[in-house]
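Asks: Input file: upload_25.pdb. Contents: PDB, C-alpha atoms.
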ATOM      1  CA  MET A   1      17.880 -10.780   1.465
ATOM      2  CA  THR A   2      16.013 -10.491   4.741
ATOM      3  CA  TRP A   3      12.299  -9.928   4.869
ATOM      4  CA  VAL A   4       9.624  -8.241   6.971
ATOM      5  CA  VAL A   5       7.017 -10.329   5.125
ATOM      6  CA  GLU A   6       8.559 -13.436   3.591
ATOM      7  CA  GLY A   7       9.093 -12.971  -0.138
ATOM      8  CA  LYS A   8       6.963  -9.799  -0.265
ATOM      9  CA  ILE A   9       8.337  -6.906   1.797
ATOM     10  CA  PRO A  10      12.133  -6.653   2.110
ATOM     11  CA  ARG A  11      13.704  -5.437   5.345
ATOM     12  CA  GLY A  12      15.470  -2.088   5.147
ATOM     13  CA  ASP A  13      13.908  -1.116   1.828
ATOM     14  CA  VAL A  14      10.955   0.982   0.735
ATOM     15  CA  SER A  15       7.741  -0.795  -0.217
ATOM     16  CA  THR A  16       4.356   0.602  -1.154
ATOM     17  CA  LEU A  17       0.744  -0.501  -1.032
ATOM     18  CA  ASP A  18      -0.898   0.975  -4.111
ATOM     19  CA  GLY A  19      -4.515   1.175  -5.127
ATOM     20  CA  ASP A  20      -7.566   3.375  -5.363
ATOM     21  CA  GLY A  21      -8.877   5.148  -2.297
ATOM     22  CA  GLY A  22     -11.098   3.124  -0.012
ATOM     23  CA  LEU A  23      -9.604  -0.296  -0.843
ATOM     24  CA  GLY A  24      -8.151  -0.821   2.640
ATOM     25  CA  LYS A  25      -4.473   0.090   2.202
ATOM     26  CA  THR A  26      -4.277   1.874   5.543
ATOM     27  CA  MET A  27      -6.060  -0.977   7.324
ATOM     28  CA  ALA A  28      -3.723  -3.564   5.725
ATOM     29  CA  ALA A  29      -0.684  -1.489   6.711
ATOM     30  CA  MET A  30      -1.995  -1.201  10.265
ATOM     31  CA  GLN A  31      -2.588  -4.959  10.448
ATOM     32  CA  LEU A  32       0.978  -5.573   9.277
ATOM     33  CA  ALA A  33       2.493  -3.035  11.673
ATOM     34  CA  MET A  34       0.554  -4.511  14.588
ATOM     35  CA  ALA A  35       1.579  -8.061  13.627
ATOM     36  CA  VAL A  36       5.262  -7.060  13.493
ATOM     37  CA  ALA A  37       5.072  -5.128  16.786
ATOM     38  CA  ARG A  38       3.356  -7.910  18.712
ATOM     39  CA  GLY A  39       5.349 -10.770  17.201
ATOM     40  CA  ALA A  40       2.476 -12.408  15.331
ATOM     41  CA  PRO A  41       3.591 -15.128  12.898
ATOM     42  CA  ASP A  42       1.375 -14.068  10.016
ATOM     43  CA  TRP A  43      -0.270 -11.208   8.209
ATOM     44  CA  PRO A  44      -3.393 -12.393   6.356
ATOM     45  CA  GLY A  45      -2.013 -15.151   4.157
ATOM     46  CA  PHE A  46       1.692 -14.244   4.519
ATOM     47  CA  ILE A  47       4.505 -15.153   6.908
ATOM     48  CA  VAL A  48       5.792 -12.301   9.088
ATOM     49  CA  ALA A  49       9.553 -12.835   9.175
ATOM     50  CA  GLU A  50      10.539  -9.716  11.149
ATOM     51  CA  GLN A  51       9.308  -8.850  14.595
ATOM     52  CA  GLY A  52       9.994  -5.821  16.744
ATOM     53  CA  PRO A  53       9.061  -2.221  17.360
ATOM     54  CA  GLY A  54       7.482  -0.120  14.666
ATOM     55  CA  VAL A  55       6.200   3.358  13.966
ATOM     56  CA  PHE A  56       2.932   4.235  12.227
ATOM     57  CA  LEU A  57       2.866   7.828  10.986
ATOM     58  CA  SER A  58      -0.527   8.940   9.675
ATOM     59  CA  ALA A  59      -1.174  12.068   7.655
ATOM     60  CA  ASP A  60      -4.102  10.355   5.940
ATOM     61  CA  GLU A  61      -6.465   9.712   8.844
ATOM     62  CA  PRO A  62      -7.106  11.590  12.107
ATOM     63  CA  ALA A  63      -5.961  10.099  15.406
ATOM     64  CA  ALA A  64      -9.470   9.062  16.467
ATOM     65  CA  GLU A  65      -9.953   7.028  13.267
ATOM     66  CA  ILE A  66      -6.562   5.303  13.543
ATOM     67  CA  HIS A  67      -7.261   4.370  17.164
ATOM     68  CA  ARG A  68     -10.745   3.101  16.247
ATOM     69  CA  ARG A  69      -9.207   0.900  13.557
ATOM     70  CA  ALA A  70      -6.525  -0.374  15.950
ATOM     71  CA  TYR A  71      -9.190  -1.465  18.462
ATOM     72  CA  ARG A  72     -11.153  -3.111  15.631
ATOM     73  CA  ILE A  73      -8.080  -5.034  14.413
ATOM     74  CA  ALA A  74      -7.372  -6.244  17.955
ATOM     75  CA  ALA A  75     -10.990  -7.279  18.539
ATOM     76  CA  ARG A  76     -11.228  -9.171  15.253
ATOM     77  CA  GLY A  77      -7.833 -10.767  15.807
ATOM     78  CA  SER A  78      -8.748 -11.726  19.385
ATOM     79  CA  PHE A  79      -5.682 -10.138  20.943
ATOM     80  CA  ASP A  80      -5.154  -7.489  23.578
ATOM     81  CA  LEU A  81      -4.286  -4.140  22.002
ATOM     82  CA  ALA A  82      -1.651  -3.696  24.728
ATOM     83  CA  SER A  83       0.338  -6.511  23.072
ATOM     84  CA  ALA A  84       1.156  -4.022  20.284
ATOM     85  CA  HIS A  85       2.750  -1.597  22.759
ATOM     86  CA  ASP A  86       5.871  -1.382  20.555
ATOM     87  CA  LEU A  87       3.887   0.440  17.866
ATOM     88  CA  PRO A  88       3.406   4.130  18.560
ATOM     89  CA  PHE A  89       1.000   6.013  16.306
ATOM     90  CA  TRP A  90       2.266   9.455  15.314
ATOM     91  CA  PHE A  91       0.267  12.184  13.663
ATOM     92  CA  PRO A  92       1.496  15.340  11.905
ATOM     93  CA  SER A  93      -0.182  17.460  14.566
ATOM     94  CA  ASP A  94       2.147  15.774  17.086
ATOM     95  CA  LEU A  95       5.221  16.496  14.989
ATOM     96  CA  GLY A  96       4.392  19.738  13.206
ATOM     97  CA  ASP A  97       4.215  20.099   9.424
ATOM     98  CA  CYS A  98       3.710  16.749   7.642
ATOM     99  CA  LEU A  99       6.095  17.574   4.792
ATOM    100  CA  MET A 100       9.033  15.099   4.810
ATOM    101  CA  ALA A 101      10.776  16.110   1.609
ATOM    102  CA  ALA A 102      10.591  19.043  -0.753
ATOM    103  CA  GLN A 103      12.047  19.702  -4.151
ATOM    104  CA  THR A 104      14.551  22.561  -4.379
ATOM    105  CA  ALA A 105      14.669  25.031  -7.268
ATOM    106  CA  ARG A 106      17.439  22.887  -8.778
ATOM    107  CA  GLY A 107      15.293  19.754  -8.633
ATOM    108  CA  ALA A 108      17.022  18.034  -5.724
ATOM    109  CA  ILE A 109      14.944  16.447  -2.963
ATOM    110  CA  GLU A 110      15.721  17.966   0.428
ATOM    111  CA  PRO A 111      14.706  16.439   3.793
ATOM    112  CA  GLN A 112      12.414  18.570   5.919
ATOM    113  CA  PRO A 113      12.154  18.811   9.740
ATOM    114  CA  LEU A 114       9.594  15.968   9.965
ATOM    115  CA  PHE A 115      11.983  13.581   8.180
ATOM    116  CA  ARG A 116      14.814  14.500  10.545
ATOM    117  CA  SER A 117      12.511  14.188  13.570
ATOM    118  CA  LEU A 118      11.320  10.764  12.441
ATOM    119  CA  ALA A 119      14.902   9.612  11.873
ATOM    120  CA  GLU A 120      15.960  10.863  15.323
ATOM    121  CA  ARG A 121      13.032   9.136  17.058
ATOM    122  CA  ARG A 122      13.172   5.953  14.968
ATOM    123  CA  LEU A 123      16.894   5.201  15.060
ATOM    124  CA  PRO A 124      17.182   4.735  18.844
ATOM    125  CA  MET A 125      14.197   2.351  18.698
ATOM    126  CA  ARG A 126      15.805   0.170  15.983
ATOM    127  CA  THR A 127      12.407  -0.300  14.403
ATOM    128  CA  ALA A 128      11.497  -3.346  12.377
ATOM    129  CA  LEU A 129       8.897  -1.428  10.341
ATOM    130  CA  THR A 130       7.986   2.191   9.704
ATOM    131  CA  VAL A 131       4.675   2.953   7.987
ATOM    132  CA  THR A 132       3.861   6.346   6.519
ATOM    133  CA  ALA A 133       0.270   6.754   5.376
ATOM    134  CA  HIS A 134      -0.101   8.212   2.858
ATOM    135  CA  VAL A 135       3.003   9.136   0.873
ATOM    136  CA  ALA A 136       1.495  11.969  -1.180
ATOM    137  CA  ALA A 137       0.895  13.940   2.027
ATOM    138  CA  TYR A 138       4.596  13.860   2.876
ATOM    139  CA  LEU A 139       6.142  15.016  -0.398
ATOM    140  CA  GLY A 140       6.310  18.576  -1.644
ATOM    141  CA  GLY A 141       5.453  19.198  -5.297
ATOM    142  CA  THR A 142       3.524  16.736  -7.399
ATOM    143  CA  GLU A 143       3.705  12.968  -7.044
ATOM    144  CA  ASN A 144       4.907  12.579 -10.629
ATOM    145  CA  ASN A 145       7.762  15.066 -10.284
ATOM    146  CA  THR A 146       9.223  14.128  -6.892
TER     147      THR A 146
END
Is it possible to give me this structure as structure tokens?
Replies:
Amino acid sequence: MTWVVEGKIPRGDVSTLDGDGGLGKTMAAMQLAMAVARGAPDWPGFIVAEQGPGVFLSADEPAAEIHRRAYRIAARGSFDLASAHDLPFWFPSDLGDCLMAAQTARGAIEPQPLFRSLAERRLPMRTALTVTAHVAAYLGGTENNT
């Protein structure tokens, strides 16, 4: 097993940050993505084992808020935001509809154009981490049925 965060987040697998709204899930995910992209050795209290480019796709917060948070993370971490240059922030308005997968009439999950676009853009980059915030915005149907 290889890890993005030692013993916590496996490489090449799906992981989630769960919790009530307003607890800081998006901020924690941003801190992790920025640590991976800039080669930082830790993510508050954990060892970052994987370093390299990432992608942060936000359907949860507008671009201005994500950029404000990125500057805040850099200021509090005492690093130059430019050191996280391998972490582009993407927003549904940049890519079209934010739906990644939809359930067909037969119940199968079918990828949508955003999923294919993300795969096409991500694969050439060989990303170490892809963050999608927040998952409910990307799935068609209800969270319990998809």
Asks: Apply the PyMOL selection byres ((chain A and resi 32) around 12) to the structure shown and report the selected residues as a count of residues only.
Replies: 43
Asks: What is the CA of Ser117 (chain A) to CA of Thr104 (chain A) distance in Å?
Replies: 19.9 Å
Asks: Which distance in Å separates CA of Cys98 (chain A) and CA of His85 (chain A), to one decimal?
Replies: 23.8 Å
Asks: Find, counting all atoms listed in the file, the residue in A:Ala105, A:Ala63, A:Leu118, A:Met1 that gets nearest to Asp13 (chain A).
Replies: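 Using all atoms listed in the file, Asp13 (chain A) sits closest to A:Met1.
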Asks: For Phe115 (chain A), which residue out of A:Leu57, A:Asp80, A:Gly24, A:Lys8 is the nearest one, using only C-alpha atoms?
Replies: A:Leu57
Asks: Compare A:Glu120, A:Arg69, A:Thr127, A:Pro111 by their minimum atom-to-atom distance to Asp86 (chain A), counting only C-alpha atoms, and give me the closest one.
Replies: A:Thr127
Asks: What is the CA of Arg116 (chain A)-CA of Ala102 (chain A) distance in Å, reported with one decimal?
Replies: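 Taking CA of Arg116 (chain A) and CA of Ala102 (chain A), their separation equals 12.9 Å.
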Asks: Given the PyMOL selection byres ((chain A and resi 58) around 7) and the file above, list the residues it selects as an MDAnalysis selection string.
Replies: chainID A and resid 56:57 59:61 90:91 132:134
Asks: For region 57-64 of chain A, what centre and edge lengths in Å (one decimal) does the axis-aligned box get once 4 Å is added on each side of all its listed atoms, as lines of an AutoDock Vina configuration file?
Replies:
center_x = -3.3
center_y = 9.9
center_z = 11.2
size_x = 20.3
size_y = 12.2
size_z = 18.5
